[in-house]
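Worksheet for the structure shown next.
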Amino acid sequence: MTPSQRSAPGRPKIGVFDSGVGGLTVLRALVERIPEADYLYFGDTARLPYGSKSAATVAHYAVGAVRYLQEQGAELLVIACNTATALALNEIKAAAGVEVIGVVEPGAHAAAVATHKRKVVVIGTEATISSHAYRRALEDREIAVREKACPLFVPLVEEGWLEHPVTEQVARIYLSEAFSDEASDADVLVLGCTHYPLIKPLLRRVAPAHIAIVDSAESTARDVARHLVPQLKNELRGVPLLKFFATDSAEKFRKMGTRFLGLPVEDVVHVDLKE
């Protein structure tokens, strides 16, 4: 599928924000589930990673980006960045004039529905795990949680080593630690990072057979679809418009973005947001 270059009248316009290209897995899930919408994607590639920054700085960056998306016509905002969702969702919602959906709550809800043992393992970056956002969301649903930071996954995915023996060995080590001791009978694995869907087939192979894998990108797309039901009409179906904004090299975004999105990344605009 090649993105259309002109938006059809009446189609909802969804803004998707991430600190980089990882959120394109969320965009991919959105396009697959809601082809009746058009999409604006903002990747703050010049200022990543967000994980090493303070909550105040993350909120400042994220609010600036979502305001820009609203200026471009976004009618609903998806915060595809787990770190920004975990550290700054309340500030983003307060600053936005439209509905805002993050990735944590939809992922936690899907995990709660999927688990029979009421025990869940969440894997993510150091920043997301340290925020305990998934833990709080799951414990609110009376689910026991084991959190496991998997910092090597992001660079391996960005290197393109999706099926590399090194990635498989790293995954075996991480998951054996995650499902040890009191979490040995957990029955759900939550992918709490937008890079991780690219290694989902590998994780499925490495994880115990009885484990259900919850992809927060897919869960978020389902949540957005529920919010948009009144607006979605069959006559709006067709190829969505995809427009991209990046704060660093448009060419670099184009190259890596195509791998994450699984579609051509063509219309990329360089944006220089003031600090």
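We name chains A, B, ... following the order of the structure tokens; residues begin at 1 in each chain, and ligands are numbered from 1 as shown.
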- range 163-250 of chain A: which residues are alpha helix (DSSP H) by DSSP, as a ChimeraX atom specification? /A:165-178,200-206,216-228,250
How close does range 82-150 of chain A get to range 199-219 of chain A? List, as a Markdown table, each residue of range 82-150 of chain A within 7 Å, its nearest atom pair and the distance in Å to one decimal, counting only C-alpha atoms.
```
| residue | atom | partner | partner_atom | distance |
| --- | --- | --- | --- | --- |
| A:Val103 | CA | A:Ser216 | CA | 6.0 |
| A:Pro106 | CA | A:Ser219 | CA | 5.3 |
| A:Gly107 | CA | A:Ser216 | CA | 4.4 |
| A:Ala110 | CA | A:Ser219 | CA | 6.4 |
| A:Ala111 | CA | A:Val214 | CA | 6.2 |
```
Let's have the selection written as a PDB file, in the first residue's frame, with C-alpha atoms.
```pdb
ATOM      1  CA  VAL A 103       0.010   3.343  25.074  1.00  0.00           C
ATOM      2  CA  PRO A 106      -4.585   0.077  26.487  1.00  0.00           C
ATOM      3  CA  GLY A 107      -1.694  -2.371  26.979  1.00  0.00           C
ATOM      4  CA  ALA A 110      -5.402  -6.017  27.149  1.00  0.00           C
ATOM      5  CA  ALA A 111      -3.065  -7.835  29.553  1.00  0.00           C
TER       6      ALA A 111
END
```
- Task: Find the residues around Leu77 in chain A up to 8 Å (only C-alpha atoms counted), leave out those fewer than 4 positions away in its own chain, and share them as a list in words.
- Result: Ile14, Gly15, Val16, Phe17, Val66, Val98, Glu99, Val100 and Ile101 of chain A
Could you write out that same residue set with C-alpha atoms as a PDB file, in the first residue's frame?
```
ATOM      1  CA  ILE A  14      -4.974  11.432  13.872  1.00  0.00           C
ATOM      2  CA  GLY A  15      -1.695  12.791  15.241  1.00  0.00           C
ATOM      3  CA  VAL A  16       0.848  10.238  16.466  1.00  0.00           C
ATOM      4  CA  PHE A  17       3.810  11.329  18.598  1.00  0.00           C
ATOM      5  CA  VAL A  66       1.629  17.637  20.206  1.00  0.00           C
ATOM      6  CA  VAL A  98      -8.314  17.256  21.803  1.00  0.00           C
ATOM      7  CA  GLU A  99      -8.623  13.648  23.029  1.00  0.00           C
ATOM      8  CA  VAL A 100      -5.255  12.094  24.006  1.00  0.00           C
ATOM      9  CA  ILE A 101      -4.589   8.336  24.167  1.00  0.00           C
TER      10      ILE A 101
END
```
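Taking the backbone of this structure through DSSP, the residues of range 109-164 of chain A that come out as strand (DSSP E) are Lys119, Val120, Val121, Val122, Ile123, Gly124, Ala144, Val145, Arg146, Glu147, Lys148 and Ala149 of chain A.
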With N, CA and C atoms retained, write the just-selected residues as a JSON list (two decimals), in the first residue's frame.
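The resulting file, part.json, is shown below:
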```json
[["chain", "number", "residue", "atom", "x", "y", "z"],
["A", 119, "LYS", "N", -1.26, -12.95, 36.72],
["A", 119, "LYS", "CA", 0.17, -12.64, 36.84],
["A", 119, "LYS", "C", 0.71, -12.28, 35.46],
["A", 120, "VAL", "N", 1.37, -11.15, 35.38],
["A", 120, "VAL", "CA", 1.82, -10.60, 34.10],
["A", 120, "VAL", "C", 3.27, -10.16, 34.20],
["A", 121, "VAL", "N", 4.03, -10.37, 33.11],
["A", 121, "VAL", "CA", 5.39, -9.85, 33.00],
["A", 121, "VAL", "C", 5.38, -8.71, 31.99],
["A", 122, "VAL", "N", 6.00, -7.58, 32.34],
["A", 122, "VAL", "CA", 6.12, -6.43, 31.44],
["A", 122, "VAL", "C", 7.60, -6.22, 31.13],
["A", 123, "ILE", "N", 7.93, -6.14, 29.84],
["A", 123, "ILE", "CA", 9.30, -5.80, 29.45],
["A", 123, "ILE", "C", 9.28, -4.44, 28.76],
["A", 124, "GLY", "N", 10.37, -3.66, 28.95],
["A", 124, "GLY", "CA", 10.44, -2.33, 28.35],
["A", 124, "GLY", "C", 11.82, -1.75, 28.53],
["A", 144, "ALA", "N", -0.89, -9.17, 39.56],
["A", 144, "ALA", "CA", 0.50, -9.19, 40.03],
["A", 144, "ALA", "C", 1.43, -8.96, 38.83],
["A", 145, "VAL", "N", 2.48, -8.17, 39.05],
["A", 145, "VAL", "CA", 3.33, -7.74, 37.93],
["A", 145, "VAL", "C", 4.80, -8.00, 38.23],
["A", 146, "ARG", "N", 5.51, -8.55, 37.25],
["A", 146, "ARG", "CA", 6.98, -8.59, 37.27],
["A", 146, "ARG", "C", 7.44, -7.69, 36.12],
["A", 147, "GLU", "N", 8.28, -6.69, 36.47],
["A", 147, "GLU", "CA", 8.82, -5.79, 35.46],
["A", 147, "GLU", "C", 10.26, -6.18, 35.13],
["A", 148, "LYS", "N", 10.62, -6.07, 33.85],
["A", 148, "LYS", "CA", 11.98, -6.41, 33.44],
["A", 148, "LYS", "C", 12.46, -5.43, 32.38],
["A", 149, "ALA", "N", 13.50, -4.67, 32.70],
["A", 149, "ALA", "CA", 14.10, -3.78, 31.70],
["A", 149, "ALA", "C", 14.95, -4.60, 30.74]]
```
- Task: Might you pull out every residue within 12 Å of Gly160 in chain A, with only C-alpha atoms counted and same-chain residues fewer than 6 positions away left off, and present them as a PyMOL selection string?
- Result: chain A and resi 153-154+166-167+195+198-199+255-260
- For Glu266 in chain A, work out the shell of residues within 9 Å, counting only C-alpha atoms and skipping chain neighbours fewer than 4 positions away, then give it as a ChimeraX atom specification. /A:3,242-244,254,258
May I have the selected residues written with C-alpha atoms, as a short mmCIF file (atom, residue, chain, number, x, y, z; two decimals), in the first residue's frame?
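File again.cif, as written:
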```cif
data_model
loop_
_atom_site.label_atom_id
_atom_site.label_comp_id
_atom_site.auth_asym_id
_atom_site.auth_seq_id
_atom_site.Cartn_x
_atom_site.Cartn_y
_atom_site.Cartn_z
CA PRO A 3 0.02 6.40 1.02
CA LEU A 242 0.51 9.58 5.84
CA LYS A 243 2.58 12.66 6.60
CA PHE A 244 5.70 12.62 8.74
CA ARG A 254 12.85 7.85 5.77
CA THR A 258 10.24 2.23 6.27
#
```
- Message: Nearest residue to Ser131 in chain A out of A:Tyr39, A:Val104, A:Phe253, A:Leu261, using only C-alpha atoms?
- Response: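 Going through A:Tyr39, A:Val104, A:Phe253, A:Leu261 one by one, the smallest distance to Ser131 in chain A is for A:Val104.
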- Message: At a cut-off of 10 Å, using only C-alpha atoms, what residues contact Gln72 in chain A? Leave out same-chain residues fewer than 3 positions from it and give the result as an MDAnalysis selection string.
- Response: chainID A and resid 13 15 40 66:69 75
- Near range 61-65 of chain A, counting only C-alpha atoms, which residues have an atom at most 9 Å away, once you skip same-chain residues fewer than 6 positions from it, shown as a ChimeraX atom specification? /A:17-19,42-44,47,79,84,88,91-93,95-96,273-275
Keeping N, CA and C atoms for every residue in the selection just given, could you write it to a file as a tab-separated table (two decimals), in the first residue's frame?
```tsv
chain	number	residue	atom	x	y	z
A	17	PHE	N	2.54	10.76	18.13
A	17	PHE	CA	3.81	11.33	18.60
A	17	PHE	C	4.70	10.26	19.22
A	18	ASP	N	6.00	10.35	18.88
A	18	ASP	CA	6.99	9.47	19.52
A	18	ASP	C	8.32	10.22	19.57
A	19	SER	N	9.22	9.76	20.43
A	19	SER	CA	10.54	10.37	20.51
A	19	SER	C	11.40	10.02	19.30
A	42	PHE	N	4.79	12.55	14.27
A	42	PHE	CA	5.89	13.42	14.69
A	42	PHE	C	6.92	12.59	15.45
A	43	GLY	N	8.13	12.52	14.91
A	43	GLY	CA	9.24	11.83	15.58
A	43	GLY	C	10.27	12.84	16.03
A	44	ASP	N	10.47	12.96	17.34
A	44	ASP	CA	11.42	13.95	17.88
A	44	ASP	C	12.83	13.38	17.87
A	47	ARG	N	16.11	14.80	19.61
A	47	ARG	CA	16.24	14.91	21.07
A	47	ARG	C	16.10	13.56	21.79
A	79	ILE	N	-0.17	9.13	21.92
A	79	ILE	CA	1.20	9.23	22.42
A	79	ILE	C	1.80	7.84	22.32
A	84	ALA	N	7.11	8.91	27.24
A	84	ALA	CA	6.29	10.12	27.35
A	84	ALA	C	4.94	9.81	27.98
A	88	ALA	N	4.62	11.80	31.28
A	88	ALA	CA	4.07	13.13	30.98
A	88	ALA	C	2.65	13.12	30.43
A	91	GLU	N	0.37	15.96	31.79
A	91	GLU	CA	0.74	17.28	31.28
A	91	GLU	C	0.32	17.45	29.82
A	92	ILE	N	0.48	16.37	29.03
A	92	ILE	CA	0.09	16.43	27.62
A	92	ILE	C	-1.43	16.64	27.51
A	93	LYS	N	-2.18	15.90	28.31
A	93	LYS	CA	-3.65	16.03	28.27
A	93	LYS	C	-4.08	17.43	28.67
A	95	ALA	N	-2.45	20.16	28.24
A	95	ALA	CA	-2.06	21.15	27.22
A	95	ALA	C	-2.83	20.98	25.91
A	96	ALA	N	-3.35	19.78	25.68
A	96	ALA	CA	-4.00	19.49	24.39
A	96	ALA	C	-5.47	19.93	24.41
A	273	LEU	N	11.75	22.62	16.23
A	273	LEU	CA	10.98	23.20	17.33
A	273	LEU	C	11.89	24.01	18.23
A	274	LYS	N	11.44	25.20	18.62
A	274	LYS	CA	12.22	26.01	19.55
A	274	LYS	C	12.17	25.36	20.93
A	275	GLU	N	13.29	25.45	21.64
A	275	GLU	CA	13.37	24.86	22.98
A	275	GLU	C	12.37	25.53	23.91
```
- Message: From the options A:His109, A:Arg222, A:Ser176, A:Val265, which residue's atoms come nearest to Glu32 in chain A, counting only C-alpha atoms?
- Response: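 The shortest atom-to-atom distance to Glu32 in chain A comes from A:Arg222.
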